[in-house]
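Everything on this sheet refers to the single structure shown next.
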Amino acid sequence: MNDMESTSFLEKLKIQDHQAFNQLVQQYHSSLLTVARAIVGDIWAEEVVQEAWVSIYKALPKFQKRSSLKTWMYTILKNEAKSRYKKESKTVSLEAQLPADQQDRSIEDWLGNAFNKDGHWLNSLSGWDLNSPEALMQEEQLHKCIEHTLDLLKPDQRSVFLLRDQEQLAMDEVCNILDISHSNARVLLHRARLKLFQAINHYQEIGEC
Amino acid sequence: MLKCKDVVTNATDYIDKEMSWSQSMSMALHLLLCGHCRRFIKYFKLSLLSLKKKRTISSENATQLGSEIIAKAQADT
């Protein structure tokens, strides 16, 4: 059990101890922002997270440990974010901001060109010069390329991908937070992973995004 | 016998161990025989490992943000 889920820490949170709450903010603010971005996009994410934090703070005395603290907080965030999304999407289409169709075509093109008619590789993948996680993350231009790729994912793909692969939640938690089926989540996750892989592979071959 | 394209299509289920025993064996057999697909799976996993970095905000920013949130929550009640 991590420190944030320990009984003593949860007891402090339940009495709204300011220091404990600040620790919670320090640990989870970035994660909540990631999820909010996935649901409502960049424009409202900060505001939604602020509103979620206020709701979390107010509700802390009523937290009953039926789920993990993390899952409980994400559920509150989800409700705030979906409420905002519903309100704002009446005037602005979030989907329209994202050239996701172009991204999907790019994957289809890659899959179409990589294999022969028998379904075997036409050419082997080139060897990657950056071949450790640390090397990948230390390459600033590649890091920007990865961020750009994540920004271009469809919202539903980005949601699943960020929760599962960046925030490392269990798949059941991801499905619960996003209200989607396990099979749908796995399809979305695989499409997103392929796009990330394709972006990194392209960078390794060409040296640019 | 699986095709290489099938390996790409099922890569997520394979690395997350979400396959049946027989599917998993088919993948393992293909990977044993196919260097191209071994390389693909290696890089596919590597691309995900590059993301597993927990991001936190600074203690100073957290204290300031926490104070603002608490003030707003108290003002609401």
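Residues in the structure tokens are numbered from 1 in each chain, the chains being A, B, ... in the order shown, and ligands are numbered from 1 in the order shown.
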Q: Could you give me, as a PyMOL selection string, the residues within 8 Å of Phe161 of chain A, counting only C-alpha atoms and dropping anything in the same chain fewer than 3 positions from it?
A: chain A and resi 157-158+164-166+188-189+192-193
Q | Proximal residues of chain B relative to chain A (only C-alpha atoms; 8 Å) as JSON, numbers by chain | A | {"B": [3, 4, 5, 6, 11, 12, 13, 36, 39, 40, 43, 44, 46, 47, 48, 49, 50, 51, 52, 53, 54, 55, 56, 57, 58, 59, 61, 62, 63, 65, 66, 67, 69, 70, 72, 73]}
Please, could you write that set of residues out with C-alpha atoms as an mmCIF file, in the first residue's frame?
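After the write, out_37.cif holds the following:
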```cif
data_model
loop_
_atom_site.group_PDB
_atom_site.id
_atom_site.type_symbol
_atom_site.label_atom_id
_atom_site.label_comp_id
_atom_site.auth_asym_id
_atom_site.auth_seq_id
_atom_site.Cartn_x
_atom_site.Cartn_y
_atom_site.Cartn_z
ATOM 1 C CA LYS B 3 1.003 -14.004 -40.009
ATOM 2 C CA CYS B 4 3.238 -11.086 -39.047
ATOM 3 C CA LYS B 5 0.294 -8.726 -39.482
ATOM 4 C CA ASP B 6 -1.604 -10.779 -36.871
ATOM 5 C CA ALA B 11 0.403 -7.006 -29.809
ATOM 6 C CA THR B 12 -1.468 -5.240 -27.015
ATOM 7 C CA ASP B 13 -3.289 -8.390 -25.926
ATOM 8 C CA HIS B 36 11.112 -9.206 -37.665
ATOM 9 C CA ARG B 39 12.038 -6.721 -33.088
ATOM 10 C CA PHE B 40 8.557 -5.227 -33.480
ATOM 11 C CA TYR B 43 10.206 -1.799 -29.802
ATOM 12 C CA PHE B 44 6.446 -1.787 -29.175
ATOM 13 C CA LEU B 46 9.956 0.010 -25.391
ATOM 14 C CA SER B 47 7.766 2.797 -26.757
ATOM 15 C CA LEU B 48 5.407 2.301 -23.797
ATOM 16 C CA LEU B 49 8.169 2.205 -21.208
ATOM 17 C CA SER B 50 9.188 5.689 -22.263
ATOM 18 C CA LEU B 51 5.923 7.006 -20.796
ATOM 19 C CA LYS B 52 6.013 5.476 -17.353
ATOM 20 C CA LYS B 53 7.342 8.499 -15.584
ATOM 21 C CA LYS B 54 5.226 9.748 -12.701
ATOM 22 C CA ARG B 55 4.831 13.492 -12.874
ATOM 23 C CA THR B 56 4.323 15.563 -9.740
ATOM 24 C CA ILE B 57 4.268 19.294 -9.128
ATOM 25 C CA SER B 58 6.674 21.071 -6.791
ATOM 26 C CA SER B 59 5.966 21.276 -3.084
ATOM 27 C CA ASN B 61 3.213 24.980 -6.145
ATOM 28 C CA ALA B 62 1.217 22.291 -4.341
ATOM 29 C CA THR B 63 1.055 24.387 -1.165
ATOM 30 C CA LEU B 65 -2.635 25.506 -5.107
ATOM 31 C CA GLY B 66 -3.844 23.645 -2.019
ATOM 32 C CA SER B 67 -4.377 26.928 -0.162
ATOM 33 C CA ILE B 69 -8.551 25.244 -3.255
ATOM 34 C CA ILE B 70 -9.205 25.223 0.492
ATOM 35 C CA LYS B 72 -12.516 28.404 -2.410
ATOM 36 C CA ALA B 73 -14.079 25.381 -0.721
#
```
Q: Determine, counting only C-alpha atoms, which protein, DNA and RNA residues have an atom within 12 Å of an atom of Leu32 of chain B; residues of the same chain fewer than 6 positions away are not included. Present the result as an NGL selection string.
A: :B and (2 or 25-26 or 38-39 or 41)
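Interatomic distance, atom CA of Ile15 of chain B against atom CA of Leu150 of chain A: 20.6 Å.
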Q) What gap, in Å, lies between atom CA of Met73 of chain A and atom CA of Leu32 of chain A? A)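 One can read the atom CA of Met73 of chain A to atom CA of Leu32 of chain A distance as 8.4 Å.
Picture a line from atom CA of Trp72 of chain A to atom CA of Ile177 of chain A; it runs 9.4 Å.
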Q: Could you please write out, as a ChimeraX atom specification, every residue of chain B that DSSP assigns to helix (DSSP H, G or I)?
A: /B:4-9,11-15,21-33,35-49,59-76
